[in-house]
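**Q** One structure, pasted below without further comment.
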Amino acid sequence: MQTLILVAHPEIDNSPTQQFLQASLPQSAVNDDQLIWHDLTAAFAKNGWSRETELTLLEQADRIIWQFPLYWYSAPAILKQWQEAIFTGEVSQYEFLAGKELGLVVSLGEKLASYQAGAREQFTLSEILRPYQAFAQKLGWRYLAPLMIEQFSYLTDSAKQKLLVDYQQYLTLKQPASFAQRGQWLLAQLQQIASVDSTTKSTLALAQEQLADQLADYQDLQTQLQEIRRGEHD
Amino acid sequence: MATEDWLTTTLTELAQQNSAYQSRALLQQTAVYAAELARRIEQSEGELDGRIWNHEQW
């Protein structure tokens, strides 16, 4: 699966959030072209928009991510410029892109809890981000539940570690993912970890084995429970 | 030490020993996941027992 990340930020180099996200990309997936980081501001500054290049990038991707900070309840202007420059004319011209997935990675200066009726922002993020969902709907793309990053600069170390894994999963894992699928994903990632010495290597191998066993137990239990629930009567 | 505790503790230790940020995050989050997995297994076993011994279904 190829994921194209369109980053819409006026100054990526000065954004700790975007720098963190860029450093979080799994290098093996970047090297295999399974993940493509596409900085819209830099692309535009270099040559202006090349509609053909952008459409080719979209066509090659299975999942498209729009990644941006929320400025005045919307993405920075560069994303709208890109959208209007690339998607000109009739919607039917873009039928060849139908079936893509659209995911949003949105960073917020406010707390997530502020976006609800009665709270500081009054409106939910589902309401605020509706134009992006409408765009996906119009083009026949599957809209994924957005990944929200709240107040990055206040995140603790462990919250940042969680964000790194959540972000990698958002880019590379089938969405929505079940608890068991997330476990299988973690198990697969552990294979990529390089160990410095043989003791660490064997401990890691043992941990992987244990995790695989426990995941299998969990999935067996879920299957048994489903069967019993199905057989029960009122 | 129970197997589940061993897994969580071991993954946490492996995380602390790893100097690469991505690997450390992955190991630490797998430890968090393993703890949640152990909890869910325990709850599912409890639910299974409860449903098997539910006399109203006999």
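Within each chain, counting starts at residue 1; across the structure tokens, chains are named A, B, ... in the order shown, with ligands numbered 1 upward in that order.
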Hey, what's within 8 Å of stretch 24-34 of chain B if we count only C-alpha atoms and toss same-chain stuff fewer than 3 positions away? As a short mmCIF file (atom, residue, chain, number, x, y, z; two decimals) with N, CA and C atoms, in the first residue's frame, please?
**A**
```cif
data_model
loop_
_atom_site.label_atom_id
_atom_site.label_comp_id
_atom_site.auth_asym_id
_atom_site.auth_seq_id
_atom_site.Cartn_x
_atom_site.Cartn_y
_atom_site.Cartn_z
N GLN A 161 5.50 9.27 22.40
CA GLN A 161 5.76 7.91 21.91
C GLN A 161 4.47 7.29 21.38
N LYS A 162 3.38 7.56 22.10
CA LYS A 162 2.09 7.04 21.64
C LYS A 162 1.71 7.67 20.30
N LEU A 164 3.71 8.79 18.02
CA LEU A 164 4.55 8.22 16.96
C LEU A 164 3.94 6.92 16.42
N VAL A 165 3.53 6.06 17.36
CA VAL A 165 2.96 4.77 16.93
C VAL A 165 1.58 4.97 16.30
N GLY A 183 -2.44 -5.09 17.36
CA GLY A 183 -1.45 -5.99 17.98
C GLY A 183 -0.61 -6.70 16.93
N LEU A 186 1.90 -4.27 15.61
CA LEU A 186 3.03 -4.07 16.53
C LEU A 186 4.00 -5.24 16.44
N GLN A 189 6.11 -4.98 13.46
CA GLN A 189 7.12 -3.91 13.56
C GLN A 189 8.31 -4.33 14.41
N LEU A 190 8.04 -5.18 15.41
CA LEU A 190 9.13 -5.59 16.30
C LEU A 190 10.23 -6.31 15.52
N LEU A 211 4.09 -12.48 22.75
CA LEU A 211 3.04 -11.59 22.27
C LEU A 211 2.18 -12.31 21.22
N GLU B 4 2.13 -12.59 31.46
CA GLU B 4 1.72 -11.27 30.97
C GLU B 4 2.60 -10.18 31.59
N LEU B 7 6.01 -10.14 30.06
CA LEU B 7 6.03 -9.50 28.74
C LEU B 7 6.07 -7.98 28.86
N THR B 8 5.20 -7.44 29.67
CA THR B 8 5.15 -5.97 29.84
C THR B 8 6.47 -5.45 30.41
N THR B 9 6.96 -6.13 31.45
CA THR B 9 8.20 -5.69 32.09
C THR B 9 9.38 -5.80 31.11
N LEU B 11 9.38 -5.83 27.79
CA LEU B 11 9.29 -4.84 26.71
C LEU B 11 9.70 -3.45 27.20
N THR B 12 9.30 -3.14 28.43
CA THR B 12 9.67 -1.84 29.01
C THR B 12 11.19 -1.76 29.18
N LEU B 14 13.45 -3.47 27.48
CA LEU B 14 14.05 -3.38 26.15
C LEU B 14 13.95 -1.96 25.60
N ALA B 15 12.82 -1.30 25.90
CA ALA B 15 12.63 0.08 25.46
C ALA B 15 13.68 0.99 26.10
N GLN B 16 13.88 0.80 27.40
CA GLN B 16 14.83 1.66 28.12
C GLN B 16 16.27 1.47 27.63
N ASN B 18 17.11 0.70 24.53
CA ASN B 18 17.29 1.01 23.10
C ASN B 18 17.55 2.50 22.90
N SER B 19 18.55 2.82 22.11
CA SER B 19 18.90 4.24 21.97
C SER B 19 18.20 4.90 20.77
N ALA B 20 17.62 4.10 19.88
CA ALA B 20 16.94 4.69 18.71
C ALA B 20 15.52 5.10 19.12
N TYR B 21 15.18 6.36 18.87
CA TYR B 21 13.90 6.90 19.37
C TYR B 21 12.69 6.10 18.87
N LEU B 37 -3.73 -6.07 26.57
CA LEU B 37 -4.07 -7.40 26.04
C LEU B 37 -4.30 -8.38 27.19
N ALA B 38 -3.41 -8.34 28.19
CA ALA B 38 -3.55 -9.24 29.35
C ALA B 38 -4.87 -8.97 30.08
#
```
**Q** What are the residues of chain A lining chain B at 9 Å or less? Count only C-alpha atoms, and put the answer as a VMD selection string.
**A** chain A and resid 23 to 26 158 160 to 162 164 to 165 179 to 180 182 to 183 186 to 187 189 to 190 192 to 196 200 203 to 204 206 to 208 210 to 211 214 to 215 217 to 218 221 to 222 224 to 225 228 to 229 232 to 234
**Q** For the selection just defined, write its residues with N, CA and C atoms to a file, as a compact mmCIF listing (two decimals), in the first residue's frame.
**A**
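And here's result.txt as it stands now:
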```
# COMPACT_ATOMS: atom_id res chain seq x y z
N ALA A 23 10.07 12.95 11.41
CA ALA A 23 11.06 12.03 12.01
C ALA A 23 10.41 10.71 12.43
N SER A 24 9.09 10.69 12.51
CA SER A 24 8.37 9.47 12.93
C SER A 24 8.12 8.51 11.79
N LEU A 25 8.39 8.93 10.56
CA LEU A 25 8.10 8.05 9.43
C LEU A 25 8.99 6.81 9.50
N PRO A 26 8.41 5.64 9.37
CA PRO A 26 9.26 4.44 9.37
C PRO A 26 10.16 4.42 8.13
N SER A 158 5.85 10.16 27.08
CA SER A 158 5.11 8.93 26.74
C SER A 158 3.97 9.23 25.77
N LYS A 160 4.14 11.44 23.45
CA LYS A 160 4.80 11.58 22.14
C LYS A 160 5.10 10.20 21.54
N GLN A 161 5.50 9.27 22.40
CA GLN A 161 5.76 7.91 21.91
C GLN A 161 4.47 7.29 21.38
N LYS A 162 3.38 7.56 22.10
CA LYS A 162 2.09 7.04 21.64
C LYS A 162 1.71 7.67 20.30
N LEU A 164 3.71 8.79 18.02
CA LEU A 164 4.55 8.22 16.96
C LEU A 164 3.94 6.92 16.42
N VAL A 165 3.53 6.06 17.36
CA VAL A 165 2.96 4.77 16.93
C VAL A 165 1.58 4.97 16.30
N PHE A 179 -8.56 -3.91 17.77
CA PHE A 179 -7.52 -4.07 18.80
C PHE A 179 -6.54 -5.17 18.38
N ALA A 180 -7.06 -6.29 17.89
CA ALA A 180 -6.20 -7.41 17.49
C ALA A 180 -5.33 -7.02 16.29
N ARG A 182 -4.23 -4.09 15.56
CA ARG A 182 -3.16 -3.20 16.03
C ARG A 182 -2.04 -4.02 16.68
N GLY A 183 -2.44 -5.09 17.36
CA GLY A 183 -1.45 -5.99 17.98
C GLY A 183 -0.61 -6.70 16.93
N LEU A 186 1.90 -4.27 15.61
CA LEU A 186 3.03 -4.07 16.53
C LEU A 186 4.00 -5.24 16.44
N LEU A 187 3.43 -6.43 16.39
CA LEU A 187 4.25 -7.64 16.31
C LEU A 187 5.12 -7.61 15.05
N GLN A 189 6.11 -4.98 13.46
CA GLN A 189 7.12 -3.91 13.56
C GLN A 189 8.31 -4.33 14.41
N LEU A 190 8.04 -5.18 15.41
CA LEU A 190 9.13 -5.59 16.30
C LEU A 190 10.23 -6.31 15.52
N GLN A 192 11.52 -5.39 12.92
CA GLN A 192 12.43 -4.41 12.29
C GLN A 192 13.45 -3.85 13.28
N ILE A 193 13.23 -4.14 14.57
CA ILE A 193 14.11 -3.53 15.57
C ILE A 193 15.48 -4.22 15.57
N ALA A 194 16.49 -3.41 15.42
CA ALA A 194 17.85 -3.95 15.41
C ALA A 194 18.35 -4.06 16.84
N SER A 195 18.99 -5.18 17.16
CA SER A 195 19.54 -5.36 18.50
C SER A 195 21.06 -5.26 18.44
N VAL A 196 21.61 -4.67 19.49
CA VAL A 196 23.06 -4.47 19.50
C VAL A 196 23.81 -5.73 19.92
N THR A 200 20.11 -9.28 24.04
CA THR A 200 18.94 -8.45 23.75
C THR A 200 18.13 -9.07 22.61
N THR A 203 16.16 -12.00 23.92
CA THR A 203 15.06 -11.54 24.79
C THR A 203 13.92 -10.98 23.93
N LEU A 204 14.30 -10.21 22.91
CA LEU A 204 13.29 -9.63 22.01
C LEU A 204 12.53 -10.73 21.27
N LEU A 206 12.00 -13.73 22.28
CA LEU A 206 11.11 -14.39 23.25
C LEU A 206 9.86 -13.55 23.50
N ALA A 207 10.06 -12.23 23.60
CA ALA A 207 8.93 -11.31 23.80
C ALA A 207 7.97 -11.38 22.60
N GLN A 208 8.53 -11.44 21.40
CA GLN A 208 7.69 -11.53 20.21
C GLN A 208 6.86 -12.82 20.22
N GLN A 210 5.97 -14.54 22.86
CA GLN A 210 4.92 -14.42 23.90
C GLN A 210 3.75 -13.58 23.41
N LEU A 211 4.09 -12.48 22.75
CA LEU A 211 3.04 -11.59 22.27
C LEU A 211 2.18 -12.31 21.22
N GLN A 214 -0.10 -14.74 22.99
CA GLN A 214 -1.21 -14.08 23.69
C GLN A 214 -2.24 -13.51 22.72
N LEU A 215 -1.76 -13.02 21.59
CA LEU A 215 -2.70 -12.53 20.58
C LEU A 215 -3.56 -13.67 20.05
N ASP A 217 -4.31 -16.41 21.72
CA ASP A 217 -5.25 -16.74 22.81
C ASP A 217 -6.44 -15.78 22.80
N TYR A 218 -6.12 -14.50 22.67
CA TYR A 218 -7.16 -13.47 22.70
C TYR A 218 -8.14 -13.68 21.55
N LEU A 221 -10.36 -16.66 22.19
CA LEU A 221 -11.40 -16.33 23.19
C LEU A 221 -12.52 -15.52 22.54
N GLN A 222 -12.15 -14.57 21.68
CA GLN A 222 -13.17 -13.74 21.01
C GLN A 222 -14.07 -14.62 20.13
N GLN A 224 -14.70 -17.86 20.51
CA GLN A 224 -15.57 -18.69 21.37
C GLN A 224 -16.72 -17.86 21.93
N LEU A 225 -16.40 -16.65 22.37
CA LEU A 225 -17.44 -15.78 22.95
C LEU A 225 -18.50 -15.44 21.91
N ILE A 228 -20.79 -18.43 21.50
CA ILE A 228 -21.70 -18.60 22.64
C ILE A 228 -22.81 -17.55 22.62
N ARG A 229 -22.41 -16.28 22.33
CA ARG A 229 -23.40 -15.19 22.30
C ARG A 229 -24.45 -15.46 21.22
N GLU A 232 -27.07 -18.01 22.37
CA GLU A 232 -27.92 -17.71 23.54
C GLU A 232 -29.28 -17.22 23.10
N HIS A 233 -30.28 -17.50 23.96
CA HIS A 233 -31.64 -17.02 23.65
C HIS A 233 -32.09 -16.08 24.76
N ASP A 234 -33.15 -15.32 24.51
CA ASP A 234 -33.64 -14.35 25.51
C ASP A 234 -34.37 -15.04 26.65
```
**Q** From the DSSP assignment of the backbone, select every residue of stretch 139-224 of chain A that is strand (DSSP E or B), and format the answer as a count of residues only.
**A** 6
**Q** I'd like the contact shell of A:Trp82 - 9 Å cut-off, only C-alpha atoms, skipping same-chain residues fewer than 6 positions apart - returned as an mmCIF file with C-alpha atoms, in the first residue's frame.
**A**
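Here's the written file part35.cif:
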```cif
data_model
loop_
_atom_site.group_PDB
_atom_site.id
_atom_site.type_symbol
_atom_site.label_atom_id
_atom_site.label_comp_id
_atom_site.auth_asym_id
_atom_site.auth_seq_id
_atom_site.Cartn_x
_atom_site.Cartn_y
_atom_site.Cartn_z
ATOM 1 C CA LEU A 40 3.145 21.493 -0.667
ATOM 2 C CA PHE A 44 4.920 25.251 -5.048
ATOM 3 C CA TRP A 49 1.885 23.664 -9.522
#
```
**Q** Give me, as a ChimeraX atom specification, the residues of stretch 172-227 of chain A that a backbone DSSP run labels alpha helix (DSSP H).
**A** /A:172,179-190,198-227
**Q** Write out the residues from the selection above, keeping N, CA and C atoms, as a compact mmCIF listing (two decimals), in the first residue's frame.
**A**
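File selection28.txt, as written:
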```
# COMPACT_ATOMS: atom_id res chain seq x y z
N THR A 172 -0.07 3.44 7.76
CA THR A 172 0.26 2.14 7.14
C THR A 172 -0.71 1.00 7.44
N PHE A 179 -8.56 -3.91 17.77
CA PHE A 179 -7.52 -4.07 18.80
C PHE A 179 -6.54 -5.17 18.38
N ALA A 180 -7.06 -6.29 17.89
CA ALA A 180 -6.20 -7.41 17.49
C ALA A 180 -5.33 -7.02 16.29
N GLN A 181 -5.89 -6.29 15.35
CA GLN A 181 -5.11 -5.87 14.17
C GLN A 181 -3.97 -4.94 14.58
N ARG A 182 -4.23 -4.09 15.56
CA ARG A 182 -3.16 -3.20 16.03
C ARG A 182 -2.04 -4.02 16.68
N GLY A 183 -2.44 -5.09 17.36
CA GLY A 183 -1.45 -5.99 17.98
C GLY A 183 -0.61 -6.70 16.93
N GLN A 184 -1.26 -7.16 15.88
CA GLN A 184 -0.52 -7.85 14.81
C GLN A 184 0.45 -6.88 14.13
N TRP A 185 0.01 -5.64 14.01
CA TRP A 185 0.87 -4.61 13.41
C TRP A 185 2.11 -4.39 14.29
N LEU A 186 1.90 -4.27 15.61
CA LEU A 186 3.03 -4.07 16.53
C LEU A 186 4.00 -5.24 16.44
N LEU A 187 3.43 -6.43 16.39
CA LEU A 187 4.25 -7.64 16.31
C LEU A 187 5.12 -7.61 15.05
N ALA A 188 4.53 -7.21 13.94
CA ALA A 188 5.29 -7.14 12.68
C ALA A 188 6.40 -6.09 12.77
N GLN A 189 6.11 -4.98 13.46
CA GLN A 189 7.12 -3.91 13.56
C GLN A 189 8.31 -4.33 14.41
N LEU A 190 8.04 -5.18 15.41
CA LEU A 190 9.13 -5.59 16.30
C LEU A 190 10.23 -6.31 15.52
N SER A 198 23.59 -10.10 21.40
CA SER A 198 22.83 -11.34 21.22
C SER A 198 21.84 -11.59 22.36
N THR A 199 22.17 -11.13 23.58
CA THR A 199 21.24 -11.33 24.71
C THR A 199 19.96 -10.55 24.45
N THR A 200 20.11 -9.28 24.04
CA THR A 200 18.94 -8.45 23.75
C THR A 200 18.13 -9.07 22.61
N LYS A 201 18.86 -9.58 21.64
CA LYS A 201 18.20 -10.17 20.48
C LYS A 201 17.34 -11.36 20.89
N SER A 202 17.89 -12.22 21.75
CA SER A 202 17.11 -13.39 22.14
C SER A 202 15.96 -13.01 23.07
N THR A 203 16.16 -12.00 23.92
CA THR A 203 15.06 -11.54 24.79
C THR A 203 13.92 -10.98 23.93
N LEU A 204 14.30 -10.21 22.91
CA LEU A 204 13.29 -9.63 22.01
C LEU A 204 12.53 -10.73 21.27
N ALA A 205 13.27 -11.74 20.82
CA ALA A 205 12.62 -12.85 20.11
C ALA A 205 11.62 -13.57 21.01
N LEU A 206 12.00 -13.73 22.28
CA LEU A 206 11.11 -14.39 23.25
C LEU A 206 9.86 -13.55 23.50
N ALA A 207 10.06 -12.23 23.60
CA ALA A 207 8.93 -11.31 23.80
C ALA A 207 7.97 -11.38 22.60
N GLN A 208 8.53 -11.44 21.40
CA GLN A 208 7.69 -11.53 20.21
C GLN A 208 6.86 -12.82 20.22
N GLU A 209 7.53 -13.90 20.63
CA GLU A 209 6.85 -15.19 20.70
C GLU A 209 5.68 -15.14 21.70
N GLN A 210 5.97 -14.54 22.86
CA GLN A 210 4.92 -14.42 23.90
C GLN A 210 3.75 -13.58 23.41
N LEU A 211 4.09 -12.48 22.75
CA LEU A 211 3.04 -11.59 22.27
C LEU A 211 2.18 -12.31 21.22
N ALA A 212 2.85 -13.04 20.33
CA ALA A 212 2.12 -13.79 19.29
C ALA A 212 1.19 -14.81 19.94
N ASP A 213 1.68 -15.51 20.97
CA ASP A 213 0.86 -16.52 21.67
C ASP A 213 -0.35 -15.86 22.32
N GLN A 214 -0.10 -14.74 22.99
CA GLN A 214 -1.21 -14.08 23.69
C GLN A 214 -2.24 -13.51 22.72
N LEU A 215 -1.76 -13.02 21.59
CA LEU A 215 -2.70 -12.53 20.58
C LEU A 215 -3.56 -13.67 20.05
N ALA A 216 -2.93 -14.83 19.86
CA ALA A 216 -3.67 -16.00 19.38
C ALA A 216 -4.72 -16.41 20.43
N ASP A 217 -4.31 -16.41 21.72
CA ASP A 217 -5.25 -16.74 22.81
C ASP A 217 -6.44 -15.78 22.80
N TYR A 218 -6.12 -14.50 22.67
CA TYR A 218 -7.16 -13.47 22.70
C TYR A 218 -8.14 -13.68 21.55
N GLN A 219 -7.60 -13.94 20.37
CA GLN A 219 -8.47 -14.11 19.21
C GLN A 219 -9.33 -15.38 19.33
N ASP A 220 -8.75 -16.45 19.91
CA ASP A 220 -9.53 -17.68 20.17
C ASP A 220 -10.68 -17.39 21.12
N LEU A 221 -10.36 -16.66 22.19
CA LEU A 221 -11.40 -16.33 23.19
C LEU A 221 -12.52 -15.52 22.54
N GLN A 222 -12.15 -14.57 21.68
CA GLN A 222 -13.17 -13.74 21.01
C GLN A 222 -14.07 -14.62 20.13
N THR A 223 -13.46 -15.58 19.43
CA THR A 223 -14.24 -16.46 18.56
C THR A 223 -15.20 -17.30 19.40
N GLN A 224 -14.70 -17.86 20.51
CA GLN A 224 -15.57 -18.69 21.37
C GLN A 224 -16.72 -17.86 21.93
N LEU A 225 -16.40 -16.65 22.37
CA LEU A 225 -17.44 -15.78 22.95
C LEU A 225 -18.50 -15.44 21.91
N GLN A 226 -18.06 -15.16 20.69
CA GLN A 226 -19.02 -14.83 19.63
C GLN A 226 -19.96 -16.00 19.38
N GLU A 227 -19.40 -17.21 19.38
CA GLU A 227 -20.23 -18.39 19.15
C GLU A 227 -21.25 -18.58 20.27
```
**Q** Name all residues at most 9 Å from A:Pro16 (count only C-alpha atoms; drop same-chain ones fewer than 4 positions away) and give them as a list in words.
**A** Ile12, Phe20, Leu21, Phe152 and Ser153 of chain A
**Q** Contacts of A:Thr3 at 9 Å or less, counting only C-alpha atoms, minus same-chain residues fewer than 3 places along, as a ChimeraX atom specification?
**A** /A:33-37,60-65,171-172
